[in-house]
Each structure stands twice: as C-alpha cells, then as structure tokens.
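Trainee: Just my_file.txt, nothing more (compact mmCIF, C-alpha atoms):
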# COMPACT_ATOMS: atom_id res chain seq x y z
CA MET A 1 -13.88 12.64 24.42
CA ILE A 2 -16.22 11.72 21.56
CA ALA A 3 -19.06 14.21 21.26
CA VAL A 4 -21.66 13.96 18.53
CA GLU A 5 -24.16 16.79 18.27
CA ASP A 6 -27.37 16.61 16.31
CA LEU A 7 -25.83 14.51 13.53
CA VAL A 8 -27.81 14.07 10.33
CA LYS A 9 -27.01 12.06 7.22
CA GLU A 10 -29.31 12.11 4.24
CA TYR A 11 -29.09 10.05 1.05
CA GLY A 12 -31.36 11.95 -1.31
CA ARG A 13 -34.71 12.02 0.48
CA PHE A 14 -33.82 9.16 2.81
CA ARG A 15 -32.61 10.23 6.25
CA ALA A 16 -30.27 7.46 7.48
CA VAL A 17 -29.22 9.31 10.64
CA ASP A 18 -31.65 11.77 12.13
CA GLY A 19 -30.34 14.10 14.82
CA VAL A 20 -28.10 11.71 16.76
CA THR A 21 -26.49 13.19 19.86
CA LEU A 22 -23.94 11.18 21.83
CA ASP A 23 -21.27 11.83 24.41
CA VAL A 24 -18.57 9.33 25.34
CA LYS A 25 -16.49 10.42 28.32
CA PRO A 26 -12.84 9.50 28.98
CA GLY A 27 -12.61 5.96 30.34
CA GLU A 28 -16.17 5.12 29.34
CA ILE A 29 -17.24 2.14 27.24
CA HIS A 30 -20.36 3.27 25.45
CA GLY A 31 -22.53 0.68 23.70
CA PHE A 32 -24.20 1.75 20.48
CA LEU A 33 -27.04 -0.66 19.84
CA GLY A 34 -29.73 -0.94 17.25
CA PRO A 35 -31.35 -3.29 14.75
CA ASN A 36 -29.99 -3.78 11.23
CA GLY A 37 -30.32 -0.63 9.13
CA ALA A 38 -30.86 1.62 12.15
CA GLY A 39 -27.93 3.90 11.26
CA LYS A 40 -25.17 2.56 13.53
CA THR A 41 -22.54 1.97 10.86
CA THR A 42 -23.38 5.24 9.09
CA THR A 43 -22.88 7.10 12.36
CA MET A 44 -19.61 5.27 13.05
CA ARG A 45 -18.34 6.07 9.56
CA MET A 46 -19.13 9.74 10.04
CA ILE A 47 -17.25 9.71 13.36
CA ALA A 48 -14.27 8.11 11.61
CA GLY A 49 -14.36 10.77 8.89
CA LEU A 50 -15.26 8.34 6.12
CA LEU A 51 -18.63 9.97 5.45
CA LYS A 52 -19.46 13.63 5.47
CA PRO A 53 -22.50 14.45 7.62
CA THR A 54 -25.35 16.41 6.07
CA SER A 55 -25.42 18.49 9.24
CA GLY A 56 -24.30 18.27 12.85
CA ARG A 57 -20.97 18.31 14.60
CA ILE A 58 -18.45 15.69 15.68
CA LEU A 59 -15.73 16.40 18.23
CA VAL A 60 -12.94 13.98 19.07
CA ASP A 61 -10.73 15.02 21.96
CA ASN A 62 -12.18 18.53 21.52
CA HIS A 63 -11.09 18.68 17.87
CA ASP A 64 -13.88 19.38 15.41
CA LEU A 65 -13.80 16.76 12.65
CA GLU A 66 -14.96 19.36 10.12
CA THR A 67 -12.41 22.08 10.86
CA GLU A 68 -9.49 20.05 12.29
CA PRO A 69 -9.86 16.65 10.62
CA GLU A 70 -6.24 15.57 11.04
CA ALA A 71 -6.06 16.39 14.77
CA ALA A 72 -9.42 14.69 15.36
CA LYS A 73 -8.43 11.58 13.42
CA ARG A 74 -5.05 11.44 15.17
CA SER A 75 -6.88 11.17 18.51
CA LEU A 76 -9.17 8.42 17.28
CA GLY A 77 -8.66 4.72 16.65
CA PHE A 78 -11.23 3.27 14.28
CA ILE A 79 -12.10 -0.39 13.83
CA PRO A 80 -14.62 -0.76 10.99
CA ASP A 81 -17.01 -3.67 10.55
CA ARG A 82 -15.16 -4.75 7.39
CA PRO A 83 -11.58 -3.62 7.91
CA PHE A 84 -9.04 -3.37 5.10
CA ILE A 85 -5.64 -4.99 5.57
CA TYR A 86 -2.81 -5.24 3.06
CA ASP A 87 -2.70 -9.03 2.64
CA LYS A 88 0.77 -9.11 1.11
CA LEU A 89 2.39 -7.36 4.09
CA THR A 90 3.54 -9.01 7.27
CA ALA A 91 1.82 -8.12 10.55
CA GLY A 92 4.89 -6.12 11.59
CA GLU A 93 5.00 -4.18 8.32
CA PHE A 94 1.28 -3.40 8.48
CA LEU A 95 1.61 -2.00 12.00
CA THR A 96 4.76 -0.06 11.09
CA PHE A 97 2.90 1.53 8.18
CA HIS A 98 -0.02 2.31 10.46
CA ALA A 99 2.30 3.97 12.98
CA GLY A 100 3.69 6.14 10.16
CA LEU A 101 0.18 7.14 9.06
CA TYR A 102 -0.52 8.46 12.54
CA GLY A 103 2.89 10.14 12.85
CA PHE A 104 3.88 7.90 15.75
CA GLY A 105 7.49 8.60 16.89
CA ASN A 106 9.97 6.83 14.61
CA GLY A 107 12.40 5.60 17.24
CA HIS A 108 9.72 3.86 19.28
CA VAL A 109 7.82 2.12 16.51
CA PRO A 110 9.45 -1.36 16.61
CA GLU A 111 9.07 -1.72 20.37
CA ARG A 112 5.49 -0.37 20.30
CA VAL A 113 4.65 -2.81 17.49
CA ARG A 114 6.03 -5.72 19.53
CA GLU A 115 4.19 -4.52 22.64
CA MET A 116 0.86 -4.45 20.79
CA LEU A 117 1.47 -7.81 19.10
CA ASP A 118 2.22 -9.26 22.55
CA LEU A 119 -0.96 -7.76 23.97
CA PHE A 120 -3.09 -9.32 21.23
CA GLU A 121 -1.19 -12.64 21.28
CA LEU A 122 0.17 -12.23 17.74
CA SER A 123 3.91 -11.98 18.51
CA GLN A 124 4.84 -15.23 16.83
CA TRP A 125 3.16 -14.04 13.62
CA GLU A 126 5.01 -10.74 13.34
CA HIS A 127 6.94 -11.78 10.22
CA GLN A 128 4.18 -13.82 8.57
CA LEU A 129 2.17 -12.54 5.63
CA ILE A 130 -1.31 -11.41 6.68
CA GLU A 131 -2.87 -13.46 3.86
CA SER A 132 -2.11 -16.58 5.92
CA PHE A 133 -4.04 -15.27 8.96
CA SER A 134 -7.45 -16.54 10.07
CA HIS A 135 -10.37 -14.11 10.30
CA GLY A 136 -9.98 -13.83 14.08
CA MET A 137 -6.26 -13.09 13.79
CA LYS A 138 -6.95 -10.39 11.22
CA GLN A 139 -9.56 -8.91 13.54
CA ARG A 140 -7.03 -8.84 16.39
CA LEU A 141 -4.42 -7.27 14.11
CA VAL A 142 -6.85 -4.49 13.18
CA MET A 143 -7.43 -3.89 16.90
CA CYS A 144 -3.65 -3.75 17.40
CA SER A 145 -3.47 -1.04 14.76
CA ALA A 146 -6.35 0.92 16.29
CA PHE A 147 -4.63 1.09 19.70
CA LEU A 148 -1.07 1.38 18.36
CA HIS A 149 -0.84 5.18 18.29
CA ARG A 150 -2.26 5.54 21.83
CA PRO A 151 -5.57 7.15 20.80
CA GLN A 152 -7.71 9.12 23.27
CA ALA A 153 -10.86 7.57 21.83
CA VAL A 154 -11.74 4.44 19.89
CA ALA A 155 -14.78 3.82 17.70
CA VAL A 156 -15.34 0.15 17.03
CA ASP A 157 -18.00 -1.35 14.81
CA GLU A 158 -19.00 -4.93 15.64
CA PRO A 159 -15.80 -6.02 17.38
CA MET A 160 -16.84 -9.57 18.26
CA VAL A 161 -17.86 -10.79 14.80
CA GLY A 162 -15.88 -13.88 13.81
CA LEU A 163 -13.94 -14.18 17.06
CA ASP A 164 -13.71 -17.45 18.95
CA PRO A 165 -14.51 -17.36 22.72
CA ARG A 166 -10.84 -16.94 23.59
CA GLY A 167 -10.44 -14.06 21.12
CA ALA A 168 -13.65 -12.43 22.36
CA ARG A 169 -12.45 -12.69 25.95
CA LEU A 170 -9.11 -11.16 24.98
CA ILE A 171 -10.79 -8.23 23.25
CA LYS A 172 -13.06 -7.62 26.23
CA ASP A 173 -10.04 -7.60 28.57
CA VAL A 174 -8.15 -5.20 26.31
CA PHE A 175 -11.15 -2.86 26.07
CA ARG A 176 -11.50 -2.86 29.86
CA LYS A 177 -7.78 -2.20 30.31
CA MET A 178 -7.85 0.66 27.80
CA SER A 179 -10.94 2.12 29.42
CA GLU A 180 -9.18 2.05 32.83
CA ARG A 181 -6.35 4.03 31.19
CA GLY A 182 -8.86 6.71 30.21
CA VAL A 183 -9.56 5.76 26.58
CA ALA A 184 -13.15 6.49 25.54
CA ILE A 185 -14.61 3.56 23.61
CA LEU A 186 -17.71 3.79 21.44
CA MET A 187 -18.72 0.26 20.53
CA SER A 188 -21.42 -0.61 18.07
CA THR A 189 -22.61 -4.16 18.55
CA HIS A 190 -25.43 -6.62 18.04
CA THR A 191 -24.13 -8.81 20.85
CA LEU A 192 -26.28 -7.55 23.71
CA GLU A 193 -24.60 -9.83 26.26
CA VAL A 194 -21.35 -8.02 25.53
CA ALA A 195 -23.03 -4.63 25.87
CA GLN A 196 -24.65 -5.62 29.16
CA GLU A 197 -21.38 -7.02 30.50
CA MET A 198 -19.00 -4.26 29.41
CA CYS A 199 -20.72 -0.97 28.73
CA HIS A 200 -20.99 1.81 31.27
CA ARG A 201 -23.73 3.42 29.20
CA VAL A 202 -25.65 2.45 26.09
CA SER A 203 -27.53 4.30 23.37
CA ILE A 204 -30.15 2.53 21.31
CA ILE A 205 -30.75 3.81 17.81
CA GLN A 206 -33.68 3.02 15.59
CA LYS A 207 -34.57 4.46 12.20
CA GLY A 208 -31.74 6.94 12.62
CA ARG A 209 -32.91 8.30 16.00
CA ILE A 210 -31.68 7.63 19.50
CA ILE A 211 -34.66 6.12 21.30
CA ALA A 212 -33.01 5.27 24.63
CA HIS A 213 -29.87 6.43 26.32
CA GLY A 214 -28.24 5.88 29.71
CA THR A 215 -26.83 3.10 31.87
CA VAL A 216 -28.15 -0.40 31.24
CA ASP A 217 -30.33 -0.11 34.36
CA GLN A 218 -31.69 3.27 33.28
CA VAL A 219 -32.57 1.87 29.85
CA LYS A 220 -34.33 -1.06 31.52
CA GLN A 221 -36.28 1.36 33.68
CA MET A 222 -37.17 3.40 30.61
CA ALA A 223 -38.61 0.26 29.00
CA GLY A 224 -40.55 -0.57 32.21
CA SER A 225 -38.46 -3.71 32.82
CA SER A 226 -37.12 -5.08 36.05
CA SER A 227 -33.38 -4.74 36.64
CA ASP A 228 -32.81 -8.53 36.44
CA GLU A 229 -34.42 -8.75 33.01
CA HIS A 230 -31.99 -9.43 30.21
CA LEU A 231 -31.01 -6.57 27.89
CA THR A 232 -32.16 -8.62 24.87
CA SER A 233 -35.80 -8.46 26.01
CA VAL A 234 -35.51 -4.76 26.74
CA PHE A 235 -33.91 -4.15 23.35
CA LEU A 236 -36.63 -6.07 21.53
CA ARG A 237 -39.35 -4.22 23.42
CA LEU A 238 -37.83 -0.83 22.65
CA THR A 239 -37.16 -1.56 18.99
CA GLY A 240 -40.52 -3.22 18.37
CA GLY A 241 -39.09 -6.70 17.94
CA SER A 242 -41.06 -8.36 20.74
CA ALA A 243 -42.95 -10.47 18.19
CA LEU A 244 -39.64 -11.99 17.16
CA GLN A 245 -38.83 -12.76 20.77
CA GLU A 246 -42.15 -14.56 21.14
CA ILE A 247 -41.30 -16.66 18.10
CA ASP A 248 -37.94 -17.43 19.68
CA GLU A 249 -39.58 -18.47 22.88
CA ILE A 250 -42.04 -20.90 21.21
CA MET B 251 5.82 13.67 12.59
CA THR B 252 4.02 13.76 9.25
CA GLN B 253 5.62 11.53 6.64
CA PRO B 254 6.01 12.83 3.05
CA PHE B 255 3.55 11.49 0.50
CA PRO B 256 5.76 8.68 -0.96
CA PHE B 257 5.33 7.00 2.43
CA LEU B 258 1.77 6.18 1.36
CA LEU B 259 3.18 4.11 -1.52
CA LEU B 260 5.24 1.93 0.82
CA PRO B 261 2.69 -0.89 1.23
CA HIS B 262 2.82 -1.52 -2.52
CA ALA B 263 6.62 -1.51 -2.54
CA TRP B 264 6.75 -3.83 0.49
CA ALA B 265 4.13 -6.10 -1.03
CA SER B 266 6.16 -6.40 -4.26
CA ARG B 267 9.32 -7.13 -2.24
CA ASN B 268 7.47 -9.80 -0.24
CA ARG B 269 6.18 -11.40 -3.44
CA VAL B 270 9.74 -11.65 -4.75
CA ARG B 271 11.15 -12.92 -1.46
CA ARG B 272 8.48 -15.53 -0.81
CA ARG B 273 8.46 -17.30 -4.13
CA GLU B 274 6.02 -20.16 -4.50
CA LYS B 275 6.48 -23.33 -6.46
CA GLY B 276 6.40 -22.60 -10.19
CA ASP B 277 7.11 -18.88 -9.81
CA LEU B 278 10.64 -19.22 -11.19
CA LEU B 279 9.46 -21.17 -14.26
CA ARG B 280 6.67 -18.65 -14.84
CA GLY B 281 9.17 -15.80 -14.52
CA ILE B 282 11.54 -17.41 -17.03
CA VAL B 283 8.75 -18.10 -19.57
CA PHE B 284 7.22 -14.62 -19.37
CA GLY B 285 10.64 -12.93 -19.14
CA THR B 286 11.73 -14.72 -22.32
CA ILE B 287 8.53 -13.71 -24.13
CA ALA B 288 9.03 -10.08 -22.99
CA ILE B 289 12.63 -10.07 -24.23
CA LEU B 290 11.59 -11.61 -27.58
CA VAL B 291 8.80 -9.03 -28.04
CA ALA B 292 11.13 -6.15 -27.11
CA GLY B 293 13.77 -7.55 -29.45
CA ALA B 294 11.23 -7.89 -32.30
CA LEU B 295 10.03 -4.31 -31.77
CA PHE B 296 13.61 -3.04 -31.72
CA TYR B 297 14.60 -4.96 -34.83
CA GLY B 298 11.38 -4.03 -36.67
CA ALA B 299 11.86 -0.32 -35.94
CA TYR B 300 15.56 -0.54 -36.86
CA TRP B 301 14.84 -2.36 -40.13
CA VAL B 302 12.07 0.04 -41.22
CA THR B 303 14.24 3.07 -40.35
CA SER B 304 17.22 1.66 -42.25
CA GLN B 305 15.05 0.94 -45.31
CA LEU B 306 13.54 4.42 -45.24
CA ALA B 307 17.00 5.98 -45.05
CA ALA B 308 17.50 4.87 -48.69
CA TYR B 309 14.71 7.23 -49.90
CA GLU B 310 16.23 10.52 -48.64
CA GLU B 311 13.57 13.23 -48.17
CA PHE B 312 10.60 10.96 -48.80
CA GLY B 313 12.05 8.46 -46.30
CA ASP B 314 12.42 11.23 -43.71
CA TYR B 315 8.86 12.31 -44.28
CA LEU B 316 7.55 8.74 -43.95
CA LEU B 317 9.57 8.21 -40.76
CA ARG B 318 8.23 11.44 -39.22
CA LEU B 319 4.70 10.46 -40.23
CA GLY B 320 5.12 6.98 -38.76
CA LEU B 321 6.50 8.32 -35.50
CA SER B 322 3.68 10.89 -35.29
CA TRP B 323 1.10 8.14 -35.63
CA LEU B 324 2.96 6.04 -33.13
CA PHE B 325 3.04 8.87 -30.57
CA LEU B 326 -0.60 9.68 -31.23
CA SER B 327 -1.78 6.10 -30.77
CA PHE B 328 0.33 5.62 -27.64
CA LEU B 329 -0.96 8.93 -26.26
CA ALA B 330 -4.54 7.73 -26.82
CA PHE B 331 -3.69 4.45 -25.15
CA LEU B 332 -2.05 6.31 -22.26
CA SER B 333 -5.07 8.60 -21.81
CA PHE B 334 -7.50 5.70 -21.76
CA SER B 335 -5.30 3.71 -19.40
CA GLY B 336 -4.86 6.78 -17.17
CA VAL B 337 -8.61 7.39 -16.87
CA VAL B 338 -9.33 3.74 -16.02
CA THR B 339 -6.47 3.56 -13.52
CA ALA B 340 -7.46 6.88 -11.93
CA LEU B 341 -11.01 5.64 -11.40
CA SER B 342 -9.60 2.65 -9.61
CA THR B 343 -6.93 4.38 -7.49
CA PHE B 344 -8.95 7.48 -6.57
CA PHE B 345 -12.40 6.00 -6.07
CA LEU B 346 -12.54 2.21 -5.97
CA SER B 347 -9.37 1.16 -4.22
CA ASP B 348 -9.99 -0.87 -1.05
CA ASP B 349 -7.27 0.82 0.97
CA LEU B 350 -8.99 4.21 0.65
CA ARG B 351 -11.14 3.39 3.70
CA LEU B 352 -8.01 2.84 5.75
CA LEU B 353 -6.28 5.98 4.49
CA MET B 354 -9.33 8.23 4.74
CA ALA B 355 -9.85 7.27 8.37
CA SER B 356 -6.24 8.15 9.22
CA PRO B 357 -4.85 11.67 9.69
CA VAL B 358 -3.51 12.03 6.15
CA SER B 359 -4.05 15.41 4.52
CA ALA B 360 -6.04 15.50 1.30
CA ARG B 361 -2.98 16.91 -0.51
CA ARG B 362 -0.68 14.06 0.52
CA LEU B 363 -3.32 11.49 -0.33
CA PHE B 364 -3.91 13.08 -3.74
CA LEU B 365 -0.18 13.20 -4.55
CA ALA B 366 0.30 9.56 -3.54
CA ARG B 367 -2.70 8.45 -5.60
CA PHE B 368 -1.54 10.54 -8.55
CA ALA B 369 1.94 9.03 -8.44
CA ARG B 370 0.43 5.55 -8.29
CA THR B 371 -1.91 6.33 -11.20
CA VAL B 372 0.94 7.64 -13.35
CA GLY B 373 3.10 4.61 -12.58
CA SER B 374 0.34 2.03 -13.11
CA ALA B 375 -1.02 3.64 -16.27
CA SER B 376 2.24 4.31 -18.08
CA TRP B 377 4.62 1.41 -17.40
CA MET B 378 3.25 -0.61 -20.30
CA VAL B 379 3.49 2.29 -22.74
CA VAL B 380 7.10 2.88 -21.68
CA ILE B 381 7.95 -0.80 -22.09
CA PHE B 382 6.49 -0.97 -25.61
CA MET B 383 7.72 2.46 -26.70
CA ALA B 384 11.32 2.23 -25.51
CA PRO B 385 12.52 -0.54 -27.90
CA VAL B 386 10.81 1.18 -30.85
CA LEU B 387 12.53 4.50 -30.10
CA PHE B 388 15.86 2.73 -29.55
CA GLY B 389 15.42 0.96 -32.89
CA VAL B 390 14.70 4.25 -34.71
CA GLY B 391 17.61 5.91 -32.92
CA VAL B 392 20.09 3.19 -33.86
CA GLY B 393 18.69 3.12 -37.43
CA ARG B 394 19.34 6.87 -37.75
CA CYS B 395 22.79 6.51 -36.13
CA ALA B 396 21.76 8.68 -33.16
CA PRO B 397 24.63 9.36 -30.76
Would you encode the structure as structure tokens?

Mentor:
Amino acid sequence: MIAVEDLVKEYGRFRAVDGVTLDVKPGEIHGFLGPNGAGKTTTMRMIAGLLKPTSGRILVDNHDLETEPEAAKRSLGFIPDRPFIYDKLTAGEFLTFHAGLYGFGNGHVPERVREMLDLFELSQWEHQLIESFSHGMKQRLVMCSAFLHRPQAVAVDEPMVGLDPRGARLIKDVFRKMSERGVAILMSTHTLEVAQEMCHRVSIIQKGRIIAHGTVDQVKQMAGSSSDEHLTSVFLRLTGGSALQEIDEI
Amino acid sequence: MTQPFPFLLLPHAWASRNRVRRREKGDLLRGIVFGTIAILVAGALFYGAYWVTSQLAAYEEFGDYLLRLGLSWLFLSFLAFLSFSGVVTALSTFFLSDDLRLLMASPVSARRLFLARFARTVGSASWMVVIFMAPVLFGVGVGRCAP
C-alpha cells in the first residue's frame, strides 16, 4: 500500500536519506524508528509529497507520487510532527474544509465529520474555535482529518507527542481499528513501547539508512537479543546508543 | 469531486466571519475608534483632492496640465507602492505561509494552488491602495464635475 524504493534525499553534499526501501502492506502497522536526525521525518515528508526526493520512487496505493501526485495523495492520510491547523476555524469547519480538499462527497460530509469527531471524542467541541483547544485535542483533531477521507494508507510522524494517557490509548485503539479495516499505517515514533505494542513490523533507520527491518522478534534476533528483552535495549544496541543505556542504568 | 480554486480561500473567509461573530470585550470600541479614523482620513483625502481640483480649474490649460501631472505622480507612486507590497505579500503567501504544508500534502493541483495563492496575494497587497486611492479619485471626479 505504501512502497518506497531506494529513496534518496540530498541537501547539497549531505545525504539525509540514503537508499531507503520500505513496504507497508494493507492492514499493517509499520513502525519507523531511529534516533534524532536519522532521516525519519525527511522520509515521511517525501512520502507525503512535501519534499521532492533526489532519487527513488514512492508508491501509495499503486499510484506513483511523481507521476500521479493527486491520486497518490488522495489515498494517503498524513499526520505531520508539527501539524498546521487554522486556529480561527471551528473543529467542524476545519474538517469540512479538509473533506473538500480531498474531494470527499459533498452530501456525506456533515455526517462523516460528526462520525470522526465522535470517534476521537471531540463531538462536544464541533462548534468551538480551535484556538481554544489543548495540544492533545488539536492532535486528535489532526488525526480526525487524516482519517476523514477514508485513506488506504496513513503516514504518521510522532503521533503520541503531547497526548495524555487517555488520548494515547484512544489513538492506539483507533490505529488498531483502522488497521483491521485494511488501512496501512506507517508510524514514525521515538516511543519504543508503542512500537513494540502495536507494530506488526518495524524498520530502524540510522544516518539515512535502514539498518534493521522485520517483525519486532526478527529485529531482536538480528541484534542477538533474547525475545523477552525490551525493544529499547535492542534499539540502543543497533543504533550505537548502548553507552547511554549504561548511564541510564547507573 | 475537485473543488474550484476559490474553495482554497474559504478558511480565510470563515476565519474573518468567526472573528466578527465572536467579538471579544473591547472589539466594538476598537472598531468604532478605528472606523471613525478611517472615515476621517477618507473624508480628508476626498476634500483635499476636491479642493485642489477646484482651485486648479481656475487656471484653465495650466490647471489641466498641473492636474494631469499630479495624477500621473499619484498613479506612479501608488504603482510603486503596489509593486513593493505585492512582492512582499507574494513571498509570504507563496513561500512562507504556514498552511502551505497542509495544502501541499493534500491532492490539490499546482494550478489550483497557484490561482488561490495569486488571488490572495492580489487581495492582500492591493486593498490598502484601493482604500487610499478611491477617495482621491472621487474627489478629483467631483471637482471636475464628472458624471
């Protein structure tokens, strides 16, 4: 559903993403992990069509982002790490505008908006200005908008940042439900507990390259860890951060 | 169904409507004060233009020449102001605007996005020129007994 082939992004002589290849199947939650500056957000932005790759190919629902950008973007829901919301609109207006952007059927928009607001527990705020929302509420509203047009695939960058435990639980439940309905979810995160708990497969990126790829157990095996070892230790070993872990353990 | 490009301007229209609807304390007073100042400035510009035009009418050909010269300079300076304002506004709407990330990630064609941004640039850059220019032109028109 999301296929990334040999993706490269260069800024001058600096190669931020270096030959990344990924494949997220329908109904799969795919964790995209890596330390700060590894190239996660750059990759996500290229998948969303916000950045043009230096080379490589991105397919969303079999639509090439380069040759059929509108069809590819119509099949994708994107939740960036720092989303933009029109603060002076109400939640309902923002979602209605979003539905229009994606060409979602006119007659069904109000009921779909209410359905999504219900799902993300924002119904009572439908007619309130977004500027009065908390960070967590804004985050949930952005997720509403990403799932509003019934995308085939969703790319989400750091979904749990700023959410309280209840909000985080809600998002996890929604992601699971969407994945059961066949939506492919590519999730970039630093929260390894979330990745371990939710992801069917993970890819670990470092210095722009994928250094490990597979199910959580396969990645653990790759790192020579036992299956009951926590993903954090495996991640630190693979990304060369074991010294930090030792400091943590002192 | 793809919406025509003015659809992309809706958030700004809705935001303005919401600002008007959800007035905060002091908004009315602020509106009255600034509205009065705007009317006084427009009135002064109108009267100034009318007075100068009427005075110049007494000098026949030389008055006509001076009026044409004055209007030429006025148009030239407003055009310069409009160009500068247009460039600055275009930089903001085409490159720096925060909502670009949202719009670029959505299935909006480059043409529709360009047209919407262009319309917004034209509107944002020229409203002030129109507001200052209109009373002057009205004043000249009335001074020359234009129909």

Trainee: Which is closest to chain B among A:Gly162, A:Gly105, A:Pro35, A:Gly224, if we use all atoms listed in the file?

Mentor: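 So, comparing all the options, the nearest one is A:Gly105.
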
Trainee: Using all atoms listed in the file for the distances, tell me which of A:Ser145, A:Gln196, A:Asn62, A:Thr239 is nearest to chain B.

Mentor: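 Closest candidate: A:Ser145.
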
Trainee: Give me the chain A side of the contact with chain B, cut-off 7 Å, one line per residue showing its nearest atom pair and distance in Å at one decimal, counting all atoms listed in the file, sorted by chain and residue number, as a tab-separated table.

Mentor:
residue	atom	partner	partner_atom	distance
A:Ala48	CA	B:Ala355	CA	5.5
A:Gly49	CA	B:Ala355	CA	5.7
A:Leu50	CA	B:Ala355	CA	6.0
A:Glu70	CA	B:Pro357	CA	4.4
A:Lys73	CA	B:Pro357	CA	5.2
A:Arg74	CA	B:Pro357	CA	5.5
A:Phe84	CA	B:Asp349	CA	6.1
A:Lys88	CA	B:Ala265	CA	5.0
A:Leu89	CA	B:Ala265	CA	5.6
A:Gly100	CA	B:Gln253	CA	6.7
A:Leu101	CA	B:Ser356	CA	6.5
A:Tyr102	CA	B:Pro357	CA	6.1
A:Gly103	CA	B:Met251	CA	4.6
A:Phe104	CA	B:Met251	CA	6.9
A:Gly105	CA	B:Met251	CA	6.9

Trainee: Rounded to one decimal, what separation in Å do you get between atom CA of A:Gly34 and atom CA of A:Ser233?

Mentor: 13.0 Å

Trainee: Quick one: pull the distance between atom CA of A:His149 and atom CA of A:Arg114, Å, one decimal.

Mentor: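 Distance reported for this atom pair: 12.9 Å.
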
Trainee: Please identify all polymer residues lying at most 7 Å from the point (-18.3, 20.5, 10.4) (file coordinates), using only C-alpha atoms, and present the result as a VMD selection string.

Mentor: chain A and resid 56 to 57 64 to 67

Trainee: With distances taken over only C-alpha atoms, which residue among A:Ile211, A:Val194, A:Ile171, A:Val20 lies nearest A:His230?

Mentor: A:Val194

Trainee: Report, in Å to a single decimal, how far apart atom CA of A:Leu76 and atom CA of A:Lys40 are.

Mentor: 17.4 Å

Trainee: Any idea what's packed within 10 Å of B:Pro385, counting only C-alpha atoms, ignoring anything in its chain fewer than 6 positions away? Could you give it as a list in words?

Mentor: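 So the residues in contact are Val291, Ala292, Gly293, Ala294, Leu295, Phe296, Tyr297, Gly298, Ala299, Tyr300 and Gly391 of chain B.
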
Trainee: Which centre and edge lengths in Å to one decimal define the box along x, y and z that fits every listed atom of stretch 285-304 of chain B plus 3 Å per side, as JSON?

Mentor:
{"center_x": 12.9, "center_y": -5.8, "center_z": -30.7, "size_x": 14.7, "size_y": 23.8, "size_z": 29.1}

Trainee: Because some atoms of stretch 266-282 of chain B are absent here, can you restore N, CA and C atoms and send them as a PDB file, keeping the file's coordinate frame?

Mentor:
ATOM      1  N   SER B 266       5.400  -5.877  -3.114  1.00  0.00           N
ATOM      2  CA  SER B 266       6.160  -6.400  -4.260  1.00  0.00           C
ATOM      3  C   SER B 266       7.411  -7.113  -3.769  1.00  0.00           C
ATOM      4  N   ARG B 267       8.103  -6.503  -2.798  1.00  0.00           N
ATOM      5  CA  ARG B 267       9.320  -7.130  -2.240  1.00  0.00           C
ATOM      6  C   ARG B 267       8.974  -8.485  -1.621  1.00  0.00           C
ATOM      7  N   ASN B 268       7.856  -8.534  -0.887  1.00  0.00           N
ATOM      8  CA  ASN B 268       7.470  -9.800  -0.240  1.00  0.00           C
ATOM      9  C   ASN B 268       7.143 -10.882  -1.268  1.00  0.00           C
ATOM     10  N   ARG B 269       6.515 -10.436  -2.374  1.00  0.00           N
ATOM     11  CA  ARG B 269       6.180 -11.400  -3.440  1.00  0.00           C
ATOM     12  C   ARG B 269       7.462 -12.016  -4.009  1.00  0.00           C
ATOM     13  N   VAL B 270       8.464 -11.166  -4.195  1.00  0.00           N
ATOM     14  CA  VAL B 270       9.740 -11.650  -4.750  1.00  0.00           C
ATOM     15  C   VAL B 270      10.435 -12.562  -3.741  1.00  0.00           C
ATOM     16  N   ARG B 271      10.436 -12.144  -2.489  1.00  0.00           N
ATOM     17  CA  ARG B 271      11.150 -12.920  -1.460  1.00  0.00           C
ATOM     18  C   ARG B 271      10.511 -14.280  -1.200  1.00  0.00           C
ATOM     19  N   ARG B 272       9.166 -14.281  -1.166  1.00  0.00           N
ATOM     20  CA  ARG B 272       8.480 -15.530  -0.810  1.00  0.00           C
ATOM     21  C   ARG B 272       7.932 -16.175  -2.069  1.00  0.00           C
ATOM     22  N   ARG B 273       8.870 -16.660  -2.870  1.00  0.00           N
ATOM     23  CA  ARG B 273       8.460 -17.300  -4.130  1.00  0.00           C
ATOM     24  C   ARG B 273       7.761 -18.618  -3.850  1.00  0.00           C
ATOM     25  N   GLU B 274       6.713 -18.883  -4.635  1.00  0.00           N
ATOM     26  CA  GLU B 274       6.020 -20.160  -4.500  1.00  0.00           C
ATOM     27  C   GLU B 274       6.477 -21.083  -5.611  1.00  0.00           C
ATOM     28  N   LYS B 275       6.084 -22.343  -5.473  1.00  0.00           N
ATOM     29  CA  LYS B 275       6.480 -23.330  -6.460  1.00  0.00           C
ATOM     30  C   LYS B 275       5.962 -22.920  -7.847  1.00  0.00           C
ATOM     31  N   GLY B 276       6.828 -22.936  -8.833  1.00  0.00           N
ATOM     32  CA  GLY B 276       6.400 -22.600 -10.190  1.00  0.00           C
ATOM     33  C   GLY B 276       6.624 -21.150 -10.551  1.00  0.00           C
ATOM     34  N   ASP B 277       6.909 -20.303  -9.542  1.00  0.00           N
ATOM     35  CA  ASP B 277       7.110 -18.880  -9.810  1.00  0.00           C
ATOM     36  C   ASP B 277       8.333 -18.639 -10.704  1.00  0.00           C
ATOM     37  N   LEU B 278       9.394 -19.406 -10.433  1.00  0.00           N
ATOM     38  CA  LEU B 278      10.640 -19.220 -11.190  1.00  0.00           C
ATOM     39  C   LEU B 278      10.412 -19.565 -12.665  1.00  0.00           C
ATOM     40  N   LEU B 279       9.740 -20.722 -12.888  1.00  0.00           N
ATOM     41  CA  LEU B 279       9.460 -21.170 -14.260  1.00  0.00           C
ATOM     42  C   LEU B 279       8.604 -20.131 -14.989  1.00  0.00           C
ATOM     43  N   ARG B 280       7.558 -19.657 -14.260  1.00  0.00           N
ATOM     44  CA  ARG B 280       6.670 -18.650 -14.840  1.00  0.00           C
ATOM     45  C   ARG B 280       7.461 -17.392 -15.208  1.00  0.00           C
ATOM     46  N   GLY B 281       8.349 -16.989 -14.292  1.00  0.00           N
ATOM     47  CA  GLY B 281       9.170 -15.800 -14.520  1.00  0.00           C
ATOM     48  C   GLY B 281      10.047 -15.968 -15.746  1.00  0.00           C
ATOM     49  N   ILE B 282      10.649 -17.171 -15.873  1.00  0.00           N
ATOM     50  CA  ILE B 282      11.540 -17.410 -17.030  1.00  0.00           C
ATOM     51  C   ILE B 282      10.747 -17.370 -18.331  1.00  0.00           C
TER      52      ILE B 282
END
